[in-house]
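Student: One structure, pasted below without further comment.
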Amino acid sequence: MTRLTRRTFIAWVPPLLAATQVPAWAAPASDLELIASQKGEPAIVKLYRQLERLTSTMTLMTTGAHPDDEPSGMLAALRHVYGIHPVLYCITRGEGGQNAIGPERGSVLGVLRTREMTEASRALDASLAFGSQGHNDHMHDFGFSKDPNATIDRWGRDRVIERMTWAVRQYKPDVIMNCFLDVGGQHGHHRAANVATFIVAELSGNEAEFPEQIAAGLQPWTVPKIYQPAWGGGGGVYDDETPPPPTTLVIKAPERDPISGATFPQMGEWSRSCHLTQGMGRWRPDPQTEWPINLSWTADGQGGRQESDIRDGVLATLGQIAELDGMPARGAEALRTAQGLIDEAVADYGDPVSVKAKLVEIAKALGEARAQLPAELKNNAAHRLDRKIKETDLALATAAGLNIRAFTEGADLRPGADILVKTIVDGPQGIAVDSVEVIARDGISGGANGEDGISVSVDGDAALTNPLTGQFDPLGGNGDAFLRLTATIDGHKVVLDIDLEDALRVLPEASLELKPDAVVFNTETEIVPVKMTAVVSGATTADLDFQLPEGWTITATGDTGSEAGTFELAPPADLGTTRITIAPKLLEKQAYAINVFTYPHIGRSVVPTEVAVPVQSVGAVIPEGRIGYIGGGNDNVATWLVRLGVELAELTPSDMESGAYRDLDTLVVGIFSFGRRPDLVAALPGVHEWVRNGGHLVTLYHRPSDGWDVATVPLAPLTIGSPSIRYRVTDAHAVVNVLEPDHPLLNYPNTITETDWANWDKERGLYFASEWDEVYVPLLAMSDAGEEPLTGSLLSAEIGEGRHTHTSLVLHHQLDKLTPGAFRLMANLIQPAKRPG
């Protein structure tokens, strides 16, 4: 046992380095980060928030499809006014969404949004669980749908239900709150989450359903109540076709939180502002004190009844647990004692010394009640008491002035390596640290706590860290490894799970960066080998095996025994239209790339992804002309045009200011650019004049919120449709009808045929135009099944001697996915308004 004095350090030496050289990505919190953390959460506020937890034994789970679906303002009220423990269940990682802050896409975006969701959960003091388990999981965000059952079938019906059932049995919610309604006009993913929730409620209490979960230690759990919003979901994106259900209960809260002075919508925005990739976070000056909801389902068949409180009919306090039939007298008395002391501690929170004494007694009473709990009550009450015990220990540590840091210094780990976990404990005299240990997943072992720290070893065959974490608990115990510290405070032993300041990660023993990450060969231009660069860490380029199909070659153009090298990729002579994937092996194992990104709101993420470089050949004739591109940083269209063989000028703000675009024949404006390039907006009068004098302006997909001012952006009125669900085609294989078969954009320099609409990914397009001046000619018509054709996906107008073309087809996404027809159509769109000669 180690006696503490103020500023006593444990394990204060540099860690051992891994055997192989690795980048120093992992690091403890910096001085500025520690200062910001202390400044942002004073101890007295932290203590009050921890005491709030003790006031309720109730758990509410929300079920959503994506990160950011959760009703944050209402959850803030439920957590801080009612003391309810929120659990956020999210089916996907949001990898099919947009990224408003950076270049991450696909599975890497899924990691970024997972981290955002974790921080959003932390801001709500909520637990978090995901259904989707990995990069290649079928339960992924595929963009958009309109049919809930088709969505569930695409995800895998059994898989969706099984995983949500696991979450219900794991967290045992007293209440489930659907984030969205299952009504026409809503996102099919949101509707699917709603549909799945009611299915799961009917079977989660049946031990015959998914018996492997029961064998693994879970118990059946029947959800007492399910609520739905009693408000509509219409707006800029969605369009409720039926009214919301009637209000059966109103969640009520005061105007402001007494500790922060913030309204509950503002506290909700503390959480929502973590979803920066989705452009969220806004100031909410007006308080909201009521949220209408509908009791849609109950286990006793009384759904639809009026209620006065969301806690009606559930075990919401320790005092109510004390009244359960079968609770022994000693246990019941201990619970009533704990309940009274909790009420006193909350009222007395400004006096940590008094609160500490009460928390010691609360902890003893909870321990007594837990020990007295009979077997027949454990499934309904044990998890409640276990969480209160853990919450009490954390509050007691705060009241006692105990501060603990746990971190590693140095590199992320490779299989077979080891590192030291270091601990700093700061506390007053009279507190004794009894033990410190590392708790880790399979394949990672923590040794004894020595003077230098705790040595952590990784097995040679240990699985790599999955950056798509499955769960998060604000009480600690997260990640591949965390610290468990046991201390004695005023005679009571507290057990604290302390997360490492930067997660311990197991990465591949070697990694590869292979560029470019996708290759296009244009068979309508001279085929020349593509230069590829390989940078290897933990091995050399001699350890690479590219495993190319017959007829393809990749030739080293320099030394292959170093960590970096260049290669030339050449296709077979009879290339045609084909696709291959380069999936090299490194050290005779699947090669991984290591993607590292850091953002202030989420910190650092390290993402190993399998190296798989798609290679596609297309036949796209490039029109003659001088082409310019104005990007907003949210697409790769310029990159793909260059790889296709286009001589492209990428225009900077100074180019727009100087009018350099006037020397070009065609200007392509990338997605979101009117909202991200003030220089472009300022230059619009000149650009319009350039069009009238013979230029071709091509504007790609924009939302109404992306700076698309109908009065100033298009050369004649053109309105982008809202709500967008009415103006999008989600079926990537929807039939495309050509309205103007002789139009030059569909015939020069490539004749666009039915083949060019094949193999599209995710969807055809969204935010189609809803209204336009008669000068614009609609070229295409398409629709989802059972809907009226939409004609606003591709519009073109002759303006003076020039042309303005606007398309809401997701060409930027199709180019990323190497869809051949998208390249051919894009080549046509960049043609000058006047053909040469």
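Identifiers in the structure tokens: chain A, B, ... in order shown; residue index from 1 per chain; ligand index from 1 in order shown.
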So which residues touch Ser107 (chain A) within 10 Å, counting only C-alpha atoms, skipping near sequence neighbours fewer than 6 positions away, as a list in words?

Tutor: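 Contacts, in chain order: Arg93, Gly94, Glu95, Gly96, Arg113, Gly134, His135, Asn136, His140, Asp141, Leu468, Val607 and Thr609 of chain A.
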
Student: Mind checking which residues fall within 9 Å of Ile310 (chain A), counting only C-alpha atoms, ignoring those fewer than 3 positions away in the same chain, and posting them as a list in words?

Tutor: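 What passes the distance filter is Val175, Leu249, Val250, Ile251, Glu307, Gly313 and Val314 of chain A.
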
Student: Mind writing the picked residues with N, CA, C and O atoms as a CSV table (one decimal), in the first residue's frame?

Tutor:
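selection_14.csv, written as the output of this step:
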```
chain,number,residue,atom,x,y,z
A,175,VAL,N,-36.4,2.5,-20.9
A,175,VAL,CA,-37.2,3.2,-21.9
A,175,VAL,C,-36.3,3.2,-23.2
A,175,VAL,O,-35.1,3.4,-23.1
A,249,LEU,N,-47.1,12.5,-23.5
A,249,LEU,CA,-46.3,12.9,-22.4
A,249,LEU,C,-45.4,14.1,-22.8
A,249,LEU,O,-44.9,14.1,-24.0
A,250,VAL,N,-45.2,15.1,-22.0
A,250,VAL,CA,-44.3,16.2,-22.3
A,250,VAL,C,-43.2,16.2,-21.3
A,250,VAL,O,-43.4,16.2,-20.1
A,251,ILE,N,-42.0,16.0,-21.8
A,251,ILE,CA,-40.8,16.1,-21.0
A,251,ILE,C,-40.6,17.6,-20.7
A,251,ILE,O,-40.6,18.5,-21.5
A,307,GLU,N,-49.4,10.0,-19.7
A,307,GLU,CA,-48.5,9.9,-18.5
A,307,GLU,C,-48.2,11.3,-18.0
A,307,GLU,O,-48.3,12.2,-18.8
A,313,GLY,N,-43.8,4.0,-13.8
A,313,GLY,CA,-43.9,2.6,-14.1
A,313,GLY,C,-42.5,1.9,-14.2
A,313,GLY,O,-42.4,0.7,-14.5
A,314,VAL,N,-41.4,2.6,-13.9
A,314,VAL,CA,-40.1,2.0,-14.0
A,314,VAL,C,-39.3,2.3,-12.7
A,314,VAL,O,-39.7,3.1,-11.9
```

Student: Return the single residue from A:Ser705, A:Ser724, A:Leu700, A:Gly800 that is closest to Met826 (chain A), with distances computed using only C-alpha atoms.

Tutor: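 Of all the options, A:Leu700 lies closest to Met826 (chain A).
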
Student: Between CA of Glu344 (chain A) and CA of Lys358 (chain A), measure the distance and give it in Å to one decimal.

Tutor: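 Between these atoms lies a distance of 8.0 Å.
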
Student: If you count only C-alpha atoms, which residues fall within 8 Å of Ala196 (chain A), apart from same-chain ones fewer than 4 positions away, as an MDAnalysis selection string?

Tutor: chainID A and resid 160:161 164 192 200

Student: Take the residues that were just selected and, keeping N, CA and C atoms, output them as an mmCIF file, in the first residue's frame.

Tutor:
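This is the output file out.cif:
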```cif
data_model
loop_
_atom_site.group_PDB
_atom_site.id
_atom_site.type_symbol
_atom_site.label_atom_id
_atom_site.label_comp_id
_atom_site.auth_asym_id
_atom_site.auth_seq_id
_atom_site.Cartn_x
_atom_site.Cartn_y
_atom_site.Cartn_z
ATOM 1 N N VAL A 160 -29.230 -6.987 -38.199
ATOM 2 C CA VAL A 160 -29.729 -5.763 -37.570
ATOM 3 C C VAL A 160 -30.437 -6.083 -36.259
ATOM 4 N N ILE A 161 -31.314 -7.073 -36.295
ATOM 5 C CA ILE A 161 -32.101 -7.411 -35.106
ATOM 6 C C ILE A 161 -31.226 -8.027 -34.025
ATOM 7 N N MET A 164 -29.034 -5.199 -32.324
ATOM 8 C CA MET A 164 -29.807 -4.313 -31.468
ATOM 9 C C MET A 164 -30.301 -5.062 -30.239
ATOM 10 N N ALA A 192 -35.746 2.690 -40.772
ATOM 11 C CA ALA A 192 -35.315 1.315 -40.490
ATOM 12 C C ALA A 192 -34.967 1.148 -39.019
ATOM 13 N N VAL A 200 -37.322 -5.678 -32.077
ATOM 14 C CA VAL A 200 -36.457 -6.117 -30.982
ATOM 15 C C VAL A 200 -37.223 -6.148 -29.662
#
```

Student: What is the CA of Ile720 (chain A) to CA of Trp640 (chain A) distance in Å?

Tutor: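 Computing it gives 25.9 Å between the two atoms.
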
Student: Separation of CA of Val87 (chain A) and CA of Thr114 (chain A), in Å?

Tutor: 15.0 Å

Student: Smallest atom-to-atom distance to Glu526 (chain A): which of A:Val494, A:Leu504, A:Ile622, A:Leu464, using only C-alpha atoms?

Tutor: A:Ile622

Student: Within 8 Å of Val668 (chain A), counting only C-alpha atoms, which residues qualify if same-chain residues fewer than 2 places away don't, as a PDB file with all heavy atoms, in the first residue's frame?

Tutor:
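In the end it all went to result-v1.pdb:
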```pdb
ATOM      1  N   ILE A 627      -9.635  24.475 -69.946  1.00  0.00           N
ATOM      2  CA  ILE A 627     -10.581  24.123 -68.875  1.00  0.00           C
ATOM      3  C   ILE A 627     -10.035  24.607 -67.542  1.00  0.00           C
ATOM      4  O   ILE A 627      -8.862  24.406 -67.217  1.00  0.00           O
ATOM      5  CB  ILE A 627     -10.811  22.599 -68.814  1.00  0.00           C
ATOM      6  CG1 ILE A 627     -11.028  22.013 -70.218  1.00  0.00           C
ATOM      7  CG2 ILE A 627     -11.981  22.277 -67.886  1.00  0.00           C
ATOM      8  CD1 ILE A 627     -12.193  22.597 -70.957  1.00  0.00           C
ATOM      9  N   GLY A 628     -10.907  25.229 -66.734  1.00  0.00           N
ATOM     10  CA  GLY A 628     -10.545  25.652 -65.389  1.00  0.00           C
ATOM     11  C   GLY A 628     -11.445  25.025 -64.350  1.00  0.00           C
ATOM     12  O   GLY A 628     -12.586  24.632 -64.638  1.00  0.00           O
ATOM     13  N   TYR A 629     -10.930  24.923 -63.124  1.00  0.00           N
ATOM     14  CA  TYR A 629     -11.695  24.300 -62.036  1.00  0.00           C
ATOM     15  C   TYR A 629     -11.609  25.174 -60.790  1.00  0.00           C
ATOM     16  O   TYR A 629     -10.529  25.638 -60.404  1.00  0.00           O
ATOM     17  CB  TYR A 629     -11.146  22.902 -61.726  1.00  0.00           C
ATOM     18  CG  TYR A 629     -11.888  22.213 -60.614  1.00  0.00           C
ATOM     19  CD1 TYR A 629     -13.128  21.640 -60.851  1.00  0.00           C
ATOM     20  CD2 TYR A 629     -11.366  22.177 -59.325  1.00  0.00           C
ATOM     21  CE1 TYR A 629     -13.832  21.028 -59.823  1.00  0.00           C
ATOM     22  CE2 TYR A 629     -12.059  21.564 -58.300  1.00  0.00           C
ATOM     23  CZ  TYR A 629     -13.296  21.001 -58.549  1.00  0.00           C
ATOM     24  OH  TYR A 629     -13.988  20.409 -57.543  1.00  0.00           O
ATOM     25  N   ILE A 630     -12.765  25.395 -60.171  1.00  0.00           N
ATOM     26  CA  ILE A 630     -12.852  26.181 -58.939  1.00  0.00           C
ATOM     27  C   ILE A 630     -13.386  25.259 -57.852  1.00  0.00           C
ATOM     28  O   ILE A 630     -14.578  24.941 -57.816  1.00  0.00           O
ATOM     29  CB  ILE A 630     -13.777  27.400 -59.113  1.00  0.00           C
ATOM     30  CG1 ILE A 630     -13.342  28.236 -60.328  1.00  0.00           C
ATOM     31  CG2 ILE A 630     -13.779  28.259 -57.856  1.00  0.00           C
ATOM     32  CD1 ILE A 630     -14.339  29.296 -60.727  1.00  0.00           C
ATOM     33  N   THR A 666     -13.980  26.855 -70.505  1.00  0.00           N
ATOM     34  CA  THR A 666     -14.952  26.229 -69.601  1.00  0.00           C
ATOM     35  C   THR A 666     -14.486  26.384 -68.168  1.00  0.00           C
ATOM     36  O   THR A 666     -13.304  26.197 -67.859  1.00  0.00           O
ATOM     37  CB  THR A 666     -15.129  24.728 -69.922  1.00  0.00           C
ATOM     38  OG1 THR A 666     -15.561  24.572 -71.271  1.00  0.00           O
ATOM     39  CG2 THR A 666     -16.142  24.083 -68.993  1.00  0.00           C
ATOM     40  N   GLY A 670     -16.783  23.231 -58.349  1.00  0.00           N
ATOM     41  CA  GLY A 670     -16.940  22.025 -57.554  1.00  0.00           C
ATOM     42  C   GLY A 670     -18.051  22.138 -56.526  1.00  0.00           C
ATOM     43  O   GLY A 670     -18.594  23.223 -56.261  1.00  0.00           O
ATOM     44  N   LEU A 697     -20.032  27.764 -68.215  1.00  0.00           N
ATOM     45  CA  LEU A 697     -19.988  27.591 -66.764  1.00  0.00           C
ATOM     46  C   LEU A 697     -20.702  26.294 -66.406  1.00  0.00           C
ATOM     47  O   LEU A 697     -21.874  26.111 -66.740  1.00  0.00           O
ATOM     48  CB  LEU A 697     -20.662  28.767 -66.068  1.00  0.00           C
ATOM     49  CG  LEU A 697     -20.760  28.689 -64.534  1.00  0.00           C
ATOM     50  CD1 LEU A 697     -19.375  28.716 -63.887  1.00  0.00           C
ATOM     51  CD2 LEU A 697     -21.633  29.812 -63.984  1.00  0.00           C
ATOM     52  N   VAL A 698     -19.993  25.391 -65.719  1.00  0.00           N
ATOM     53  CA  VAL A 698     -20.560  24.114 -65.284  1.00  0.00           C
ATOM     54  C   VAL A 698     -20.565  24.106 -63.762  1.00  0.00           C
ATOM     55  O   VAL A 698     -19.500  24.194 -63.131  1.00  0.00           O
ATOM     56  CB  VAL A 698     -19.741  22.919 -65.813  1.00  0.00           C
ATOM     57  CG1 VAL A 698     -20.348  21.605 -65.332  1.00  0.00           C
ATOM     58  CG2 VAL A 698     -19.658  22.952 -67.328  1.00  0.00           C
ATOM     59  N   THR A 699     -21.738  24.050 -63.166  1.00  0.00           N
ATOM     60  CA  THR A 699     -21.844  24.018 -61.711  1.00  0.00           C
ATOM     61  C   THR A 699     -22.300  22.630 -61.264  1.00  0.00           C
ATOM     62  O   THR A 699     -23.310  22.116 -61.731  1.00  0.00           O
ATOM     63  CB  THR A 699     -22.826  25.093 -61.191  1.00  0.00           C
ATOM     64  OG1 THR A 699     -24.071  24.998 -61.895  1.00  0.00           O
ATOM     65  CG2 THR A 699     -22.255  26.478 -61.429  1.00  0.00           C
ATOM     66  N   LEU A 700     -21.513  22.053 -60.353  1.00  0.00           N
ATOM     67  CA  LEU A 700     -21.826  20.728 -59.831  1.00  0.00           C
ATOM     68  C   LEU A 700     -22.708  20.845 -58.594  1.00  0.00           C
ATOM     69  O   LEU A 700     -22.892  21.922 -58.037  1.00  0.00           O
ATOM     70  CB  LEU A 700     -20.537  19.978 -59.513  1.00  0.00           C
ATOM     71  CG  LEU A 700     -19.540  19.804 -60.665  1.00  0.00           C
ATOM     72  CD1 LEU A 700     -18.340  18.979 -60.210  1.00  0.00           C
ATOM     73  CD2 LEU A 700     -20.202  19.157 -61.881  1.00  0.00           C
ATOM     74  N   ILE A 830     -17.432  19.332 -69.945  1.00  0.00           N
ATOM     75  CA  ILE A 830     -16.399  20.369 -69.956  1.00  0.00           C
ATOM     76  C   ILE A 830     -16.150  20.932 -71.353  1.00  0.00           C
ATOM     77  O   ILE A 830     -15.266  21.779 -71.525  1.00  0.00           O
ATOM     78  CB  ILE A 830     -15.073  19.842 -69.363  1.00  0.00           C
ATOM     79  CG1 ILE A 830     -14.480  18.733 -70.233  1.00  0.00           C
ATOM     80  CG2 ILE A 830     -15.269  19.398 -67.919  1.00  0.00           C
ATOM     81  CD1 ILE A 830     -13.103  18.272 -69.779  1.00  0.00           C
TER      82      ILE A 830
END
```
